[in-house]
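What follows is the content of upload37.txt, which has compact mmCIF, C-alpha atoms:
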# COMPACT_ATOMS: atom_id res chain seq x y z
CA MET A 983 68.11 -75.16 90.96
CA VAL A 984 66.95 -75.85 91.75
CA LEU A 985 66.23 -78.57 94.78
CA VAL A 986 65.95 -79.62 98.48
CA PHE A 987 66.84 -83.53 98.85
CA TRP A 988 68.70 -85.93 101.05
CA GLY A 989 74.68 -89.16 105.17
CA CYS A 990 77.04 -91.47 104.15
CA SER A 991 78.93 -92.66 101.14
CA SER A 992 82.05 -94.76 100.92
CA LYS A 993 85.34 -93.28 99.83
CA GLU A 994 85.24 -95.47 96.74
CA SER A 995 81.79 -94.36 95.64
CA HIS A 996 82.62 -90.71 96.20
CA LYS A 997 85.42 -91.02 93.65
CA ASP A 998 82.80 -91.87 91.07
CA ILE A 999 81.32 -88.38 91.26
CA PRO A 1000 83.14 -85.52 89.49
CA GLN A 1001 83.44 -82.08 91.06
CA GLN A 1002 81.46 -80.47 88.25
CA ALA A 1003 78.91 -82.84 86.77
CA VAL A 1004 78.69 -83.36 83.04
CA ALA A 1005 75.63 -81.81 81.45
CA GLN A 1006 74.23 -85.03 80.00
CA PRO A 1007 73.93 -87.92 82.47
CA PRO A 1008 73.95 -91.56 81.39
CA GLN A 1009 70.58 -93.28 81.22
CA GLY A 1010 69.20 -94.52 84.54
CA ASP A 1011 66.72 -97.20 85.52
CA PRO A 1012 63.38 -95.72 86.65
CA GLN A 1013 62.46 -98.87 88.59
CA VAL A 1014 65.61 -98.65 90.68
CA GLY A 1015 65.10 -94.91 90.99
CA MET A 1016 61.58 -95.39 92.35
CA ALA A 1017 62.97 -97.22 95.39
CA LEU A 1018 65.69 -94.63 95.90
CA TYR A 1019 63.18 -91.79 95.60
CA ALA A 1020 61.40 -93.05 98.73
CA THR A 1021 63.87 -90.94 100.74
CA CYS A 1022 62.73 -87.80 98.93
CA LYS A 1023 58.98 -88.21 99.29
CA ALA A 1024 58.70 -86.68 102.75
CA CYS A 1025 59.68 -83.27 101.39
CA HIS A 1026 59.18 -83.32 97.63
CA GLY A 1027 55.96 -85.38 97.58
CA ASP A 1028 54.92 -88.75 96.19
CA ALA A 1029 54.87 -87.40 92.63
CA ALA A 1030 57.78 -84.96 93.03
CA GLN A 1031 55.21 -82.16 92.95
CA GLY A 1032 56.94 -80.24 95.75
CA ASN A 1033 55.71 -78.84 99.05
CA LYS A 1034 56.04 -75.14 99.80
CA LYS A 1035 55.45 -75.77 103.51
CA PHE A 1036 58.77 -77.60 103.59
CA LYS A 1037 60.34 -75.20 101.08
CA ALA A 1038 60.80 -78.21 98.81
CA PRO A 1039 60.31 -77.32 95.14
CA ALA A 1040 58.58 -79.42 92.53
CA LEU A 1041 61.06 -81.52 90.58
CA VAL A 1042 58.91 -82.98 87.81
CA ASN A 1043 59.08 -79.91 85.55
CA THR A 1044 62.85 -79.60 85.81
CA ASP A 1045 65.23 -80.69 83.04
CA GLY A 1046 66.64 -84.14 83.77
CA TRP A 1047 70.21 -83.13 82.94
CA TYR A 1048 69.92 -80.22 85.38
CA LEU A 1049 68.51 -82.39 88.16
CA TYR A 1050 71.47 -84.71 87.69
CA ARG A 1051 74.01 -81.89 87.84
CA GLN A 1052 72.52 -80.33 90.94
CA LEU A 1053 72.24 -83.63 92.82
CA ILE A 1054 75.90 -84.26 92.05
CA ASN A 1055 76.74 -80.75 93.23
CA PHE A 1056 74.86 -81.29 96.48
CA HIS A 1057 76.56 -84.66 96.92
CA ASN A 1058 79.99 -83.07 96.52
CA GLY A 1059 79.34 -79.97 98.61
CA VAL A 1060 79.51 -77.71 95.55
CA ARG A 1061 76.04 -76.63 96.69
CA GLY A 1062 74.83 -76.59 100.25
CA GLY A 1063 78.28 -76.43 101.82
CA LEU A 1064 77.63 -73.25 103.80
CA PRO A 1065 75.84 -73.53 107.18
CA ALA A 1066 74.16 -70.21 106.41
CA ASP A 1067 72.38 -71.96 103.53
CA THR A 1068 70.12 -73.96 105.86
CA LEU A 1069 67.99 -75.64 103.23
CA GLY A 1070 70.92 -76.30 100.92
CA PHE A 1071 72.89 -77.71 103.85
CA GLN A 1072 70.04 -80.13 104.58
CA MET A 1073 69.83 -81.05 100.93
CA ALA A 1074 73.54 -81.80 100.71
CA ALA A 1075 73.23 -84.24 103.61
CA MET A 1076 70.33 -86.01 101.91
CA ALA A 1077 72.10 -86.19 98.55
CA LYS A 1078 74.98 -88.05 100.19
CA THR A 1079 72.65 -90.97 100.90
CA LEU A 1080 72.77 -91.68 97.16
CA LYS A 1081 75.76 -94.00 96.83
CA ASP A 1082 77.22 -92.71 93.60
CA SER A 1083 76.51 -91.01 90.29
CA VAL A 1084 74.78 -94.14 88.98
CA ALA A 1085 72.27 -93.94 91.83
CA VAL A 1086 71.70 -90.30 90.92
CA THR A 1087 70.88 -91.26 87.32
CA HIS A 1088 68.30 -93.77 88.57
CA VAL A 1089 66.52 -91.19 90.74
CA VAL A 1090 66.46 -88.68 87.90
CA ALA A 1091 65.15 -91.31 85.48
CA TYR A 1092 62.29 -92.09 87.86
CA ILE A 1093 61.38 -88.44 88.41
CA LYS A 1094 61.22 -87.91 84.66
CA THR A 1095 58.57 -90.65 84.34
CA LEU A 1096 56.19 -88.66 86.54
CA PRO A 1097 53.58 -86.31 85.02
CA GLN A 1098 54.38 -82.63 84.98
CA VAL A 1099 52.29 -80.31 87.13
CA VAL A 1100 50.87 -76.79 86.89
CA LEU A 1101 52.01 -74.91 89.97
CA PRO A 1102 50.00 -72.18 91.69
CA PRO A 1103 51.28 -68.60 91.42
CA ILE A 1104 52.70 -67.05 94.58
CA ILE A 1105 54.72 -64.05 93.37
CA ASP A 1106 53.01 -60.91 92.05
CA GLY A 1107 54.75 -58.80 89.44
CA GLU A 1108 54.30 -56.81 86.23
CA ILE A 1109 54.63 -59.15 83.26
CA LYS A 1110 55.48 -56.51 80.65
CA LYS A 1111 58.28 -55.03 82.74
CA GLY A 1112 59.45 -58.52 83.55
CA GLU A 1113 59.57 -59.47 79.90
CA ARG A 1114 61.86 -56.54 79.10
CA ALA A 1115 64.15 -57.40 82.00
CA TYR A 1116 64.14 -61.09 81.09
CA GLN A 1117 65.14 -60.40 77.48
CA SER A 1118 67.91 -58.10 78.67
CA VAL A 1119 69.31 -60.20 81.53
CA CYS A 1120 68.23 -63.82 81.11
CA GLY A 1121 67.08 -64.53 77.58
CA ALA A 1122 70.47 -65.00 75.91
CA CYS A 1123 71.09 -68.14 77.97
CA HIS A 1124 67.69 -69.39 79.15
CA GLY A 1125 66.13 -68.85 75.77
CA PRO A 1126 62.74 -67.73 74.43
CA GLY A 1127 59.90 -68.34 76.84
CA ALA A 1128 62.38 -69.40 79.53
CA ARG A 1129 62.41 -72.90 78.03
CA GLY A 1130 66.12 -73.34 78.71
CA ASN A 1131 69.09 -74.17 76.51
CA GLU A 1132 71.15 -77.24 77.38
CA LYS A 1133 73.93 -76.19 75.00
CA MET A 1134 74.32 -73.06 77.13
CA ASN A 1135 74.02 -75.11 80.34
CA ALA A 1136 71.00 -72.95 81.14
CA PRO A 1137 68.03 -74.90 82.54
CA ARG A 1138 64.37 -74.45 81.85
CA LEU A 1139 62.82 -71.88 84.21
CA ASN A 1140 59.20 -71.89 83.15
CA GLY A 1141 57.10 -74.40 85.01
CA LEU A 1142 59.19 -74.10 88.17
CA ASP A 1143 57.87 -72.83 91.51
CA ASP A 1144 57.98 -69.04 91.38
CA TRP A 1145 58.80 -68.80 95.10
CA TYR A 1146 61.74 -71.15 94.53
CA LEU A 1147 63.06 -69.07 91.65
CA LYS A 1148 62.95 -66.03 93.92
CA SER A 1149 64.80 -67.82 96.71
CA GLN A 1150 67.57 -68.93 94.35
CA ILE A 1151 68.03 -65.45 92.88
CA ALA A 1152 68.40 -64.21 96.47
CA LYS A 1153 71.05 -66.87 97.14
CA PHE A 1154 73.03 -65.86 94.07
CA LYS A 1155 72.85 -62.28 95.27
CA ASN A 1156 73.90 -62.91 98.87
CA GLY A 1157 76.71 -65.34 98.11
CA THR A 1158 75.20 -68.55 99.44
CA ARG A 1159 75.07 -70.00 95.94
CA GLY A 1160 77.59 -69.76 93.11
CA ALA A 1161 80.59 -69.08 95.37
CA HIS A 1162 82.15 -72.56 95.39
CA PRO A 1163 85.22 -72.71 93.09
CA ALA A 1164 83.82 -75.79 91.31
CA ASP A 1165 80.40 -74.24 90.67
CA THR A 1166 81.29 -72.89 87.25
CA TYR A 1167 77.74 -72.35 86.05
CA GLY A 1168 76.51 -70.97 89.37
CA ALA A 1169 79.31 -68.40 89.28
CA GLN A 1170 78.00 -67.21 85.92
CA MET A 1171 74.64 -66.55 87.53
CA VAL A 1172 75.98 -64.32 90.29
CA PRO A 1173 76.58 -61.16 88.20
CA MET A 1174 73.38 -61.75 86.23
CA ALA A 1175 71.27 -61.93 89.39
CA ALA A 1176 72.86 -58.69 90.57
CA LEU A 1177 71.40 -56.93 87.52
CA LEU A 1178 67.93 -57.43 89.02
CA VAL A 1179 68.49 -54.51 91.33
CA ASP A 1180 65.59 -54.82 93.75
CA ASP A 1181 62.73 -57.00 94.89
CA ARG A 1182 60.31 -55.49 92.39
CA ALA A 1183 62.60 -56.26 89.46
CA VAL A 1184 62.93 -59.87 90.65
CA ASN A 1185 59.16 -60.21 91.04
CA ASP A 1186 58.53 -58.79 87.58
CA VAL A 1187 60.94 -61.23 85.89
CA ILE A 1188 59.43 -64.14 87.77
CA ALA A 1189 55.93 -63.04 86.80
CA TYR A 1190 56.99 -63.03 83.16
CA ILE A 1191 58.60 -66.47 83.44
CA ARG A 1192 55.43 -67.83 85.02
CA SER A 1193 53.35 -66.33 82.20
CA THR A 1194 55.27 -68.40 79.63
CA THR A 1195 54.58 -71.70 81.35
CA GLN A 1196 53.16 -74.52 79.33
CA PRO A 1197 53.56 -78.15 80.35
CA GLN A 1198 56.22 -79.71 78.13
CA GLU A 1199 56.82 -83.25 76.97
As structure tokens, the full file:
Amino acid sequence: MVLVFWGCSSKESHKDIPQQAVAQPPQGDPQVGMALYATCKACHGDAAQGNKKFKAPALVNTDGWYLYRQLINFHNGVRGGLPADTLGFQMAAMAKTLKDSVAVTHVVAYIKTLPQVVLPPIIDGEIKKGERAYQSVCGACHGPGARGNEKMNAPRLNGLDDWYLKSQIAKFKNGTRGAHPADTYGAQMVPMAALLVDDRAVNDVIAYIRSTTQPQE
């Protein structure tokens, strides 16, 4: 998810980036990543804390391997390729300013040096109902307490912006995310999101996820 980032890359560098990114990126250099992250600050903030005004989510609480995958997906047009997905479309253009997958690893490495943040609640919902729905729909992949499960390619959800989670569920539902043939993991989310049948069900699940949040190392 999760993301809203940063067009030009050479033909040679584009070859370096696979259509579907591997789950575990190689280690990057945070010092190099700090310079590259300068492009992201305007939306995502100096400390990658996010900015709701720009609809730019916090990045610091997100799994590093997932940040890597999604930046690669944006770079390749696996995400953000549809003009109807305005924010994703913008993000895809920004991601292309990163030369290659090595540059992506550097940015991710830098973000992961930043302190995690506690984000303010925006979405109201019933936690108990949300817990039942989460265990039924989401828990098998995203794990207890929404802490994520890399082996299942399911990222951590707790600690993320609740408004951003809601926006991404909506995109899975309306076909602006998870429709690209190379987005294997996004496609798996489409039928799961559809099981949250209305806005109230979505809000309840998100309220439960938010209730599990504890800053993690």
With a distance cut-off of 10 Å and all atoms listed in the file, select the neighbouring residues of region 1113-1125 of chain A, excluding the residue or stretch itself and same-chain residues fewer than 4 positions from it, and output the selection as a PDB file with C-alpha atoms, keeping the file's coordinate frame.
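Okay, around.pdb is ready:
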ATOM      1  CA  GLU A1108      54.300 -56.810  86.230  1.00  0.00           C
ATOM      2  CA  ILE A1109      54.630 -59.150  83.260  1.00  0.00           C
ATOM      3  CA  ARG A1129      62.410 -72.900  78.030  1.00  0.00           C
ATOM      4  CA  GLY A1130      66.120 -73.340  78.710  1.00  0.00           C
ATOM      5  CA  ASN A1131      69.090 -74.170  76.510  1.00  0.00           C
ATOM      6  CA  GLU A1132      71.150 -77.240  77.380  1.00  0.00           C
ATOM      7  CA  LYS A1133      73.930 -76.190  75.000  1.00  0.00           C
ATOM      8  CA  MET A1134      74.320 -73.060  77.130  1.00  0.00           C
ATOM      9  CA  ASN A1135      74.020 -75.110  80.340  1.00  0.00           C
ATOM     10  CA  ALA A1136      71.000 -72.950  81.140  1.00  0.00           C
ATOM     11  CA  PRO A1137      68.030 -74.900  82.540  1.00  0.00           C
ATOM     12  CA  ARG A1138      64.370 -74.450  81.850  1.00  0.00           C
ATOM     13  CA  LEU A1139      62.820 -71.880  84.210  1.00  0.00           C
ATOM     14  CA  ASN A1140      59.200 -71.890  83.150  1.00  0.00           C
ATOM     15  CA  MET A1171      74.640 -66.550  87.530  1.00  0.00           C
ATOM     16  CA  PRO A1173      76.580 -61.160  88.200  1.00  0.00           C
ATOM     17  CA  MET A1174      73.380 -61.750  86.230  1.00  0.00           C
ATOM     18  CA  ALA A1175      71.270 -61.930  89.390  1.00  0.00           C
ATOM     19  CA  ALA A1176      72.860 -58.690  90.570  1.00  0.00           C
ATOM     20  CA  LEU A1177      71.400 -56.930  87.520  1.00  0.00           C
ATOM     21  CA  LEU A1178      67.930 -57.430  89.020  1.00  0.00           C
ATOM     22  CA  ALA A1183      62.600 -56.260  89.460  1.00  0.00           C
ATOM     23  CA  VAL A1184      62.930 -59.870  90.650  1.00  0.00           C
ATOM     24  CA  ASP A1186      58.530 -58.790  87.580  1.00  0.00           C
ATOM     25  CA  VAL A1187      60.940 -61.230  85.890  1.00  0.00           C
ATOM     26  CA  ILE A1188      59.430 -64.140  87.770  1.00  0.00           C
ATOM     27  CA  ALA A1189      55.930 -63.040  86.800  1.00  0.00           C
ATOM     28  CA  TYR A1190      56.990 -63.030  83.160  1.00  0.00           C
ATOM     29  CA  ILE A1191      58.600 -66.470  83.440  1.00  0.00           C
ATOM     30  CA  SER A1193      53.350 -66.330  82.200  1.00  0.00           C
ATOM     31  CA  THR A1194      55.270 -68.400  79.630  1.00  0.00           C
TER      32      THR A1194
END
Residues near region 1024-1038 of chain A, cut-off 9 Å, all atoms listed in the file, skip fewer than 4 positions along chain, as a PyMOL selection string: chain A and resi 985-987+1019-1020+1042-1043+1069+1093+1096-1099+1101+1143+1145-1146
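Straight-line separation from CA of Asp1106 (chain A) to CA of Leu1142 (chain A): 15.1 Å.
Closest approach to Gly1112 (chain A) among A:Thr1095, A:Asn1185, A:Gln1072, A:Thr1158: A:Asn1185, based on only C-alpha atoms.
Among the candidates A:Lys1094, A:Arg1182, A:Arg1051, A:Lys1148, the one nearest to Ala1077 (chain A) when counting all atoms listed in the file is A:Arg1051.
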Reconstruct region 1008-1029 of chain A at the level of N, CA, C and O atoms, and format the result as a JSON list (two decimals), in the frame of the given file.
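New file selection-v4.json:
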[["chain", "number", "residue", "atom", "x", "y", "z"],
["A", 1008, "PRO", "N", 74.29, -90.30, 82.04],
["A", 1008, "PRO", "CA", 73.95, -91.56, 81.39],
["A", 1008, "PRO", "C", 72.52, -91.95, 81.75],
["A", 1008, "PRO", "O", 71.93, -91.42, 82.70],
["A", 1009, "GLN", "N", 71.97, -92.88, 81.00],
["A", 1009, "GLN", "CA", 70.58, -93.28, 81.22],
["A", 1009, "GLN", "C", 70.47, -94.09, 82.50],
["A", 1009, "GLN", "O", 71.26, -94.98, 82.76],
["A", 1010, "GLY", "N", 69.44, -93.79, 83.30],
["A", 1010, "GLY", "CA", 69.20, -94.52, 84.54],
["A", 1010, "GLY", "C", 68.03, -95.47, 84.41],
["A", 1010, "GLY", "O", 67.34, -95.51, 83.39],
["A", 1011, "ASP", "N", 67.79, -96.23, 85.47],
["A", 1011, "ASP", "CA", 66.72, -97.20, 85.52],
["A", 1011, "ASP", "C", 65.60, -96.66, 86.41],
["A", 1011, "ASP", "O", 65.78, -96.56, 87.63],
["A", 1012, "PRO", "N", 64.46, -96.31, 85.85],
["A", 1012, "PRO", "CA", 63.38, -95.72, 86.65],
["A", 1012, "PRO", "C", 62.90, -96.64, 87.77],
["A", 1012, "PRO", "O", 62.50, -96.14, 88.84],
["A", 1013, "GLN", "N", 62.92, -97.95, 87.55],
["A", 1013, "GLN", "CA", 62.46, -98.87, 88.59],
["A", 1013, "GLN", "C", 63.37, -98.84, 89.81],
["A", 1013, "GLN", "O", 62.91, -98.83, 90.95],
["A", 1014, "VAL", "N", 64.66, -98.79, 89.57],
["A", 1014, "VAL", "CA", 65.61, -98.65, 90.68],
["A", 1014, "VAL", "C", 65.44, -97.28, 91.32],
["A", 1014, "VAL", "O", 65.45, -97.13, 92.55],
["A", 1015, "GLY", "N", 65.26, -96.27, 90.49],
["A", 1015, "GLY", "CA", 65.10, -94.91, 90.99],
["A", 1015, "GLY", "C", 63.87, -94.74, 91.85],
["A", 1015, "GLY", "O", 63.87, -93.95, 92.79],
["A", 1016, "MET", "N", 62.80, -95.49, 91.55],
["A", 1016, "MET", "CA", 61.58, -95.39, 92.35],
["A", 1016, "MET", "C", 61.85, -95.76, 93.80],
["A", 1016, "MET", "O", 61.37, -95.09, 94.72],
["A", 1017, "ALA", "N", 62.63, -96.82, 94.02],
["A", 1017, "ALA", "CA", 62.97, -97.22, 95.39],
["A", 1017, "ALA", "C", 63.85, -96.18, 96.06],
["A", 1017, "ALA", "O", 63.65, -95.84, 97.24],
["A", 1018, "LEU", "N", 64.81, -95.64, 95.33],
["A", 1018, "LEU", "CA", 65.69, -94.63, 95.90],
["A", 1018, "LEU", "C", 64.94, -93.33, 96.21],
["A", 1018, "LEU", "O", 65.27, -92.63, 97.18],
["A", 1019, "TYR", "N", 63.94, -93.03, 95.39],
["A", 1019, "TYR", "CA", 63.18, -91.79, 95.60],
["A", 1019, "TYR", "C", 62.38, -91.80, 96.89],
["A", 1019, "TYR", "O", 61.98, -90.75, 97.37],
["A", 1020, "ALA", "N", 62.17, -92.96, 97.49],
["A", 1020, "ALA", "CA", 61.40, -93.05, 98.73],
["A", 1020, "ALA", "C", 61.94, -92.10, 99.80],
["A", 1020, "ALA", "O", 61.18, -91.56, 100.61],
["A", 1021, "THR", "N", 63.25, -91.86, 99.78],
["A", 1021, "THR", "CA", 63.87, -90.94, 100.74],
["A", 1021, "THR", "C", 63.42, -89.50, 100.52],
["A", 1021, "THR", "O", 63.40, -88.71, 101.46],
["A", 1022, "CYS", "N", 63.04, -89.18, 99.31],
["A", 1022, "CYS", "CA", 62.73, -87.80, 98.93],
["A", 1022, "CYS", "C", 61.27, -87.44, 99.16],
["A", 1022, "CYS", "O", 60.92, -86.25, 99.17],
["A", 1023, "LYS", "N", 60.42, -88.44, 99.27],
["A", 1023, "LYS", "CA", 58.98, -88.21, 99.29],
["A", 1023, "LYS", "C", 58.53, -87.30, 100.42],
["A", 1023, "LYS", "O", 57.61, -86.50, 100.26],
["A", 1024, "ALA", "N", 59.16, -87.44, 101.58],
["A", 1024, "ALA", "CA", 58.70, -86.68, 102.75],
["A", 1024, "ALA", "C", 58.68, -85.18, 102.49],
["A", 1024, "ALA", "O", 57.81, -84.47, 103.00],
["A", 1025, "CYS", "N", 59.62, -84.70, 101.70],
["A", 1025, "CYS", "CA", 59.68, -83.27, 101.39],
["A", 1025, "CYS", "C", 59.10, -82.95, 100.02],
["A", 1025, "CYS", "O", 58.26, -82.06, 99.88],
["A", 1026, "HIS", "N", 59.54, -83.67, 99.01],
["A", 1026, "HIS", "CA", 59.18, -83.32, 97.63],
["A", 1026, "HIS", "C", 57.88, -83.93, 97.15],
["A", 1026, "HIS", "O", 57.42, -83.60, 96.06],
["A", 1027, "GLY", "N", 57.26, -84.81, 97.94],
["A", 1027, "GLY", "CA", 55.96, -85.38, 97.58],
["A", 1027, "GLY", "C", 56.05, -86.67, 96.80],
["A", 1027, "GLY", "O", 57.06, -86.97, 96.16],
["A", 1028, "ASP", "N", 54.97, -87.44, 96.85],
["A", 1028, "ASP", "CA", 54.92, -88.75, 96.19],
["A", 1028, "ASP", "C", 55.20, -88.65, 94.69],
["A", 1028, "ASP", "O", 55.81, -89.55, 94.11],
["A", 1029, "ALA", "N", 54.72, -87.57, 94.07],
["A", 1029, "ALA", "CA", 54.87, -87.40, 92.63],
["A", 1029, "ALA", "C", 55.88, -86.31, 92.28],
["A", 1029, "ALA", "O", 55.84, -85.74, 91.20]]
